[in-house]
file upload18.txt (compact mmCIF, C-alpha atoms and all ligand atoms)
# COMPACT_ATOMS: atom_id res chain seq x y z
CA MET B 1 13.36 -3.75 18.87
CA THR B 2 11.51 -6.31 21.02
CA THR B 3 9.07 -8.53 19.12
CA THR B 4 5.61 -8.96 20.55
CA ARG B 5 4.10 -12.43 20.54
CA GLN B 6 2.63 -12.88 24.02
CA ARG B 7 -0.90 -12.46 25.33
CA LEU B 8 -1.02 -9.69 27.94
CA ALA B 9 -2.86 -10.51 31.15
CA SER B 10 -3.03 -7.04 32.71
CA ILE B 11 -2.54 -3.32 32.18
CA GLU B 12 0.69 -3.61 34.23
CA ALA B 13 1.99 -6.21 31.78
CA PHE B 14 1.20 -3.85 28.93
CA SER B 15 3.03 -0.97 30.69
CA LYS B 16 6.05 -3.21 31.15
CA LEU B 17 5.97 -4.23 27.53
CA THR B 18 5.77 -0.59 26.43
CA GLU B 19 8.69 0.34 28.66
CA GLY B 20 10.81 -2.48 27.21
CA ILE B 21 9.99 -1.48 23.63
CA LYS B 22 10.81 2.18 24.31
CA ASP B 23 14.04 1.33 26.13
CA SER B 24 15.25 -0.84 23.27
CA PHE B 25 14.52 1.80 20.62
CA ASP B 26 17.83 3.37 19.60
CA THR B 27 17.12 6.95 18.50
CA GLU B 28 20.61 7.24 17.00
CA LYS B 29 20.26 4.23 14.71
CA VAL B 30 20.33 4.95 11.00
CA ARG B 31 16.92 4.24 9.51
CA CYS B 32 15.76 4.64 5.94
CA ARG B 33 12.01 5.16 5.97
CA ILE B 34 10.57 4.46 2.52
CA CYS B 35 6.94 4.88 1.51
CA ILE B 36 5.83 1.66 -0.17
CA THR B 37 2.11 2.34 -0.48
CA GLY B 38 1.15 4.84 -3.21
CA CYS B 39 4.83 5.31 -4.09
CA ARG B 40 5.00 1.73 -5.34
CA ALA B 41 3.30 2.94 -8.53
CA PHE B 42 6.55 4.86 -9.13
CA GLY B 43 8.88 1.97 -8.30
CA ALA B 44 9.21 2.21 -4.49
CA LEU B 45 9.30 -1.57 -4.07
CA GLU B 46 12.22 -1.87 -6.50
CA VAL B 47 14.00 0.99 -4.68
CA CYS B 48 13.46 -0.76 -1.37
CA GLU B 49 14.65 -4.13 -2.65
CA ARG B 50 17.76 -2.60 -4.19
CA LEU B 51 18.53 -0.82 -0.91
CA LYS B 52 18.28 -4.05 1.08
CA GLN B 53 20.54 -5.84 -1.43
CA GLU B 54 23.11 -3.05 -1.39
CA LEU B 55 23.18 -2.96 2.42
CA ALA B 56 23.63 -6.74 2.54
CA THR B 57 26.43 -6.63 -0.04
CA ARG B 58 28.29 -3.97 1.94
CA GLY B 59 27.74 -5.65 5.31
CA LEU B 60 25.50 -2.85 6.58
CA ALA B 61 22.26 -4.78 7.01
CA GLU B 62 22.54 -4.76 10.82
CA GLU B 63 23.63 -1.15 11.11
CA VAL B 64 21.00 0.38 8.86
CA GLU B 65 17.31 -0.42 9.29
CA VAL B 66 15.00 -0.22 6.30
CA VAL B 67 11.52 0.80 7.47
CA GLU B 68 8.74 0.23 4.95
CA THR B 69 6.06 2.80 5.69
CA GLY B 70 2.77 4.21 4.53
CA CYS B 71 2.36 7.59 2.85
CA HIS B 72 4.68 10.44 3.92
CA GLY B 73 2.33 13.00 2.38
CA PHE B 74 4.46 14.37 -0.44
CA CYS B 75 3.17 11.85 -3.02
CA ALA B 76 3.89 14.18 -5.93
CA ARG B 77 7.61 13.49 -5.39
CA ALA B 78 7.38 9.69 -5.28
CA PRO B 79 9.23 7.57 -4.41
CA VAL B 80 10.29 9.33 -1.22
CA MET B 81 12.69 8.39 1.59
CA GLU B 82 13.62 10.02 4.88
CA ILE B 83 16.83 9.07 6.62
CA ASP B 84 17.05 9.16 10.42
CA PRO B 85 18.52 10.32 12.69
CA TRP B 86 19.45 13.28 10.47
CA GLY B 87 16.03 13.85 8.86
CA TYR B 88 17.37 13.95 5.28
CA PHE B 89 14.70 13.89 2.60
CA TYR B 90 15.28 12.28 -0.79
CA GLN B 91 12.67 12.28 -3.54
CA GLY B 92 12.13 10.93 -7.04
CA ILE B 93 14.48 8.05 -6.21
CA GLU B 94 15.28 5.35 -8.77
CA PRO B 95 16.85 1.96 -8.03
CA ASP B 96 20.09 3.08 -9.70
CA ASP B 97 20.38 5.93 -7.15
CA ILE B 98 20.78 3.42 -4.32
CA PRO B 99 24.55 2.77 -4.59
CA ALA B 100 25.17 6.53 -4.26
CA ILE B 101 22.80 6.83 -1.29
CA VAL B 102 24.61 4.00 0.49
CA SER B 103 28.18 5.00 -0.29
CA GLU B 104 27.71 8.75 0.09
CA THR B 105 25.05 9.26 2.74
CA LEU B 106 24.89 6.08 4.79
CA GLU B 107 28.63 5.34 4.81
CA ASN B 108 30.06 8.85 4.74
CA GLY B 109 27.32 11.22 5.83
CA ARG B 110 27.42 13.15 2.55
CA ILE B 111 24.34 14.37 0.71
CA VAL B 112 23.36 13.18 -2.77
CA GLU B 113 22.44 16.60 -4.16
CA LYS B 114 20.43 15.44 -7.14
CA LEU B 115 17.89 13.67 -4.90
CA LEU B 116 17.11 16.75 -2.80
CA TYR B 117 13.90 18.69 -3.18
CA SER B 118 14.30 21.98 -5.03
CA PRO B 119 11.48 24.53 -4.70
CA PRO B 120 9.76 25.29 -8.02
CA ASP B 121 10.61 29.01 -7.61
CA GLY B 122 14.27 28.15 -8.08
CA GLY B 123 15.32 28.43 -4.44
CA GLU B 124 18.13 26.37 -2.92
CA ALA B 125 17.84 22.58 -2.73
CA ILE B 126 16.57 21.49 0.72
CA LYS B 127 18.26 18.78 2.80
CA LEU B 128 15.86 18.18 5.65
CA ALA B 129 12.25 17.00 5.45
CA SER B 130 11.36 19.47 8.21
CA ASP B 131 12.57 22.37 6.02
CA VAL B 132 10.54 21.40 2.96
CA PRO B 133 7.75 24.02 2.90
CA PHE B 134 5.08 21.36 2.28
CA TYR B 135 6.02 19.64 5.57
CA ALA B 136 7.13 22.70 7.54
CA ALA B 137 3.62 24.16 7.49
CA GLN B 138 1.99 21.00 8.85
CA LYS B 139 1.28 19.65 12.30
CA LYS B 140 0.16 16.10 11.80
CA ARG B 141 -2.38 14.67 14.19
CA VAL B 142 -4.43 11.87 12.60
CA LEU B 143 -1.53 11.04 10.27
CA ARG B 144 1.20 11.49 12.90
CA ASN B 145 2.51 7.92 12.54
CA CYS B 146 2.07 7.61 8.77
CA GLY B 147 5.50 7.56 7.16
CA GLN B 148 7.16 7.08 10.55
CA ILE B 149 6.42 3.43 11.30
CA ASP B 150 6.09 0.07 9.60
CA PRO B 151 2.31 -0.39 9.90
CA ARG B 152 2.72 -4.18 10.05
CA LYS B 153 4.78 -4.00 13.25
CA ILE B 154 2.74 -3.45 16.39
CA GLU B 155 5.87 -2.64 18.40
CA HIS B 156 6.52 0.38 16.16
CA TYR B 157 3.07 1.67 17.08
CA ILE B 158 3.56 0.95 20.79
CA GLN B 159 6.95 2.70 20.74
CA ARG B 160 5.07 5.88 19.72
CA ASP B 161 2.61 5.56 22.62
CA GLY B 162 0.22 3.31 20.73
CA TYR B 163 -2.47 1.66 22.86
CA ALA B 164 -1.68 3.98 25.80
CA ALA B 165 -5.08 5.66 25.40
CA LEU B 166 -6.83 2.28 25.47
CA ALA B 167 -4.87 1.22 28.56
CA LYS B 168 -5.84 4.47 30.29
CA ALA B 169 -9.51 4.14 29.30
CA LEU B 170 -9.71 0.56 30.57
CA ALA B 171 -7.70 1.04 33.76
CA GLU B 172 -8.67 4.51 34.91
CA MET B 173 -11.91 5.64 33.29
CA SER B 174 -15.53 4.64 33.34
CA PRO B 175 -17.34 4.53 29.98
CA GLU B 176 -19.13 7.77 30.92
CA GLU B 177 -15.83 9.51 31.62
CA VAL B 178 -14.47 8.43 28.24
CA ILE B 179 -17.54 9.85 26.52
CA GLU B 180 -17.28 13.11 28.51
CA GLU B 181 -13.62 13.48 27.55
CA VAL B 182 -14.32 12.86 23.87
CA GLU B 183 -17.15 15.42 24.00
CA ALA B 184 -14.94 17.97 25.77
CA ALA B 185 -12.21 17.44 23.16
CA GLY B 186 -14.67 18.52 20.45
CA LEU B 187 -13.94 15.49 18.27
CA ARG B 188 -16.29 15.37 15.28
CA GLY B 189 -16.96 13.10 12.33
CA ARG B 190 -14.91 13.79 9.22
CA GLY B 191 -17.48 12.75 6.63
CA GLY B 192 -18.89 16.23 6.06
CA ALA B 193 -21.67 16.57 8.66
CA GLY B 194 -19.18 16.95 11.52
CA PHE B 195 -21.42 15.17 14.03
CA PRO B 196 -19.93 15.27 17.57
CA THR B 197 -18.33 11.87 18.25
CA GLY B 198 -18.93 11.92 22.01
CA ARG B 199 -22.65 12.52 21.50
CA LYS B 200 -22.82 9.68 19.00
CA TRP B 201 -21.15 7.37 21.53
CA SER B 202 -23.55 8.47 24.29
CA PHE B 203 -26.56 7.61 22.07
CA CYS B 204 -25.07 4.17 21.45
CA ARG B 205 -24.46 3.64 25.16
CA ALA B 206 -28.02 4.64 26.03
CA ALA B 207 -29.57 2.44 23.32
CA GLU B 208 -31.61 -0.51 24.56
CA GLY B 209 -30.40 -4.06 24.10
CA ASP B 210 -27.61 -6.19 25.51
CA THR B 211 -25.56 -6.45 22.34
CA LYS B 212 -24.14 -3.30 20.78
CA TYR B 213 -22.53 -3.31 17.34
CA LEU B 214 -19.59 -1.07 16.56
CA ILE B 215 -19.00 -0.46 12.87
CA CYS B 216 -15.82 1.07 11.50
CA ASN B 217 -16.83 2.66 8.23
CA ALA B 218 -13.64 3.30 6.32
CA ASP B 219 -15.43 4.05 3.08
CA GLU B 220 -13.74 6.52 0.77
CA GLY B 221 -16.62 8.93 0.30
CA ASP B 222 -14.46 11.34 -1.65
CA PRO B 223 -13.04 9.43 -4.63
CA GLY B 224 -9.28 9.72 -5.02
CA ALA B 225 -8.75 11.64 -1.77
CA PHE B 226 -7.39 8.53 0.02
CA MET B 227 -8.13 10.02 3.46
CA ASP B 228 -9.22 6.85 5.24
CA ARG B 229 -7.01 4.76 3.04
CA ALA B 230 -3.88 6.65 4.15
CA VAL B 231 -4.64 5.94 7.82
CA LEU B 232 -5.57 2.30 7.23
CA GLU B 233 -2.44 1.66 5.18
CA GLY B 234 -0.02 3.73 7.22
CA ASP B 235 -1.29 3.43 10.80
CA PRO B 236 -3.90 0.65 11.09
CA HIS B 237 -3.39 0.12 14.82
CA ALA B 238 -4.65 3.66 15.43
CA VAL B 239 -7.97 2.60 13.89
CA ILE B 240 -8.08 -0.60 15.96
CA GLU B 241 -7.23 1.29 19.15
CA GLY B 242 -9.95 3.87 18.45
CA MET B 243 -12.45 1.06 17.90
CA LEU B 244 -11.53 -0.58 21.21
CA VAL B 245 -11.83 2.69 23.15
CA ALA B 246 -15.24 3.25 21.55
CA ALA B 247 -16.25 -0.32 22.42
CA HIS B 248 -15.43 0.35 26.08
CA ALA B 249 -17.37 3.62 26.00
CA ILE B 250 -20.57 2.29 24.43
CA GLY B 251 -20.50 -1.13 26.04
CA ALA B 252 -20.18 -2.98 22.74
CA THR B 253 -19.97 -6.72 22.88
CA GLU B 254 -19.61 -7.22 19.12
CA GLY B 255 -17.35 -5.51 16.63
CA ARG B 256 -17.73 -5.26 12.85
CA SER B 257 -15.53 -3.71 10.27
CA SER B 258 -16.66 -2.69 6.82
CA ILE B 259 -14.03 -1.38 4.47
S1 LIG B 301 2.07 7.56 -1.43
FE1 LIG B 301 4.19 7.71 -1.04
S2 LIG B 301 4.38 9.68 -0.17
FE2 LIG B 301 2.26 9.46 -0.46
call {"tool": "encode", "arguments": {"input": "upload18.txt", "output": "C-alpha cells"}}
result
Amino acid sequence: MTTTRQRLASIEAFSKLTEGIKDSFDTEKVRCRICITGCRAFGALEVCERLKQELATRGLAEEVEVVETGCHGFCARAPVMEIDPWGYFYQGIEPDDIPAIVSETLENGRIVEKLLYSPPDGGEAIKLASDVPFYAAQKKRVLRNCGQIDPRKIEHYIQRDGYAALAKALAEMSPEEVIEEVEAAGLRGRGGAGFPTGRKWSFCRAAEGDTKYLICNADEGDPGAFMDRAVLEGDPHAVIEGMLVAAHAIGATEGRSSI
C-alpha cells in the first residue's frame, strides 16, 4: 500500500492520493488482523510477535500481512484474529497455536478446528466471523473500521473512504449546508441527553467572537464501557475527521482536545 508523507495542496491532490491507495489495495492478499488493544491483556502482543517470527522463518513475510488493529468487539474471546480474504475467525489464541495457523491455514488453506468459536449451546463450531451470532446480528457504523485497519496507518483509513466527507464538506458545501445535513441526518450526542449535533453546531456558528474553540470530549462517562476508548484506539482518524468537519461548519479557528 502507498505510504503517505506529502502535504496535499488541493482537494484534487487528495482525490488522486485516495485513488492511488485504493488501486494498490489487493483485496485477495492474505491478511491476519489481530486485535492488540484490550486483547493484549490476554497475550495478543506475544501472539502477534510469534506470528511475525513464524512468517519470517517460513519466507512468508511478504505474502502475508499482519495488521495490528483495535477492538473487534468480541473481547470475551481474546485474543482474536480474523484472516482475510476468507473471513476466518480464530479466538482464544496462544503463541503456541501460531505454527499450526501458519502451516495449516496460511500455507494450505485448512482450518485449525480448536481455534474456532463454538456456541455455548453446543452447536457446530463456526468458521467465519460473519457467521458468529455475536457479529451476524450487528451492523457497525461508528465502529465500522475498528478491527479492520491499523489505526496508526492513515492510508488504511483513506482506503476505506476516510477523509472523503471532509473533502466533500470543504470542496462542495458551505458551513450552513454541512449543519443542515447533520441536522437532517438526526445525529445526536451519545452522552445520555441525546442533544441534536446539528443544532449544537449552529449555536456555535452563531456565537459572537472571531475565535471559536472546538473541544473533543472523549471522556469515558460510563466506567468500563470503553465506548469512546474503542473509537480512539481503533479508528482515531474518524475522530480527527469529524473534528475538522465540525471546525468548517462552526468557523472554528482553534482546536482543543481533552481526553
Ligand atoms: S479488545 Fe480485543 S476484541 Fe475487544
call {"tool": "residues_around", "arguments": {"input": "upload18.txt", "residues": "region 48-50 of chain B", "least_positions_apart": "6", "cutoff": "10 Å", "atoms": "only C-alpha atoms", "output": "number ranges by chain"}}
result
B: 32-36, 40, 56, 66-68, 79, 81, 94-99
call {"tool": "closest_residue", "arguments": {"input": "upload18.txt", "among": "B:Lys22, B:Arg229, B:His237, B:Lys153", "to": "ligand LIG 301 (chain B)", "atoms": "all atoms listed in the file"}}
result
B:Arg229
call {"tool": "residues_around", "arguments": {"input": "upload18.txt", "residues": "Thr18 (chain B)", "least_positions_apart": "6", "cutoff": "12 Å", "atoms": "all atoms listed in the file", "output": "ChimeraX atom specification"}}
result
/B:1-4,8,11-12,24-25,154-164,167
call {"tool": "closest_residue", "arguments": {"input": "upload18.txt", "among": "B:Gly59, B:Gly192, B:Gly87, B:Gly38", "to": "ligand LIG 301 (chain B)", "atoms": "only C-alpha atoms and all ligand atoms"}}
result
B:Gly38
call {"tool": "residues_around", "arguments": {"input": "upload18.txt", "residues": "Gly123 (chain B)", "least_positions_apart": "5", "cutoff": "12 Å", "atoms": "all atoms listed in the file", "output": "PyMOL selection string"}}
result
chain B and resi 116-118+132-133
call {"tool": "residues_near_ligand", "arguments": {"input": "upload18.txt", "ligand": "ligand LIG 301 (chain B)", "cutoff": "10 Å", "atoms": "all atoms listed in the file", "output": "PyMOL selection string"}}
result
chain B and resi 34-42+44+69-81+91+146-147+226+230+233-234
call {"tool": "residues_around", "arguments": {"input": "upload18.txt", "residues": "Ile101 (chain B)", "least_positions_apart": "6", "cutoff": "9 Å", "atoms": "all atoms listed in the file", "output": "PyMOL selection string"}}
result
chain B and resi 51+107+110-112
call {"tool": "atom_distance", "arguments": {"input": "upload18.txt", "atom1": "CA of Lys52 (chain B)", "atom2": "CA of Ala100 (chain B)"}}
result
13.7 Å
call {"tool": "residues_around", "arguments": {"input": "upload18.txt", "residues": "Ser10 (chain B)", "least_positions_apart": "4", "cutoff": "10 Å", "atoms": "only C-alpha atoms", "output": "count of residues only"}}
result
5
call {"tool": "atom_distance", "arguments": {"input": "upload18.txt", "atom1": "CA of Phe195 (chain B)", "atom2": "CA of Leu244 (chain B)"}}
result
19.9 Å
call {"tool": "atom_distance", "arguments": {"input": "upload18.txt", "atom1": "CA of Leu170 (chain B)", "atom2": "CA of Ala252 (chain B)"}}
result
13.5 Å
call {"tool": "closest_residue", "arguments": {"input": "upload18.txt", "among": "B:Ile83, B:Leu45, B:Ile21, B:Ala169", "to": "Ala246 (chain B)", "atoms": "all atoms listed in the file"}}
result
B:Ala169
call {"tool": "residues_near_point", "arguments": {"input": "upload18.txt", "point": "(16.0, 19.7, 1.6)", "cutoff": "9 Å", "atoms": "only C-alpha atoms", "output": "list in words"}}
result
Tyr88, Phe89, Tyr90, Leu116, Tyr117, Ser118, Glu124, Ala125, Ile126, Lys127, Leu128, Ala129, Ser130, Asp131 and Val132 of chain B
call {"tool": "closest_residue", "arguments": {"input": "upload18.txt", "among": "B:Arg199, B:Thr27, B:Ala193, B:Asp219", "to": "Glu181 (chain B)", "atoms": "only C-alpha atoms"}}
result
B:Arg199
call {"tool": "axis_aligned_box", "arguments": {"input": "upload18.txt", "around": "region 60-70 of chain B", "padding_each_side": "8 Å", "output": "lines of an AutoDock Vina configuration file"}}
result
center_x = 14.1
center_y = -0.3
center_z = 7.8
size_x = 38.7
size_y = 25.0
size_z = 22.6
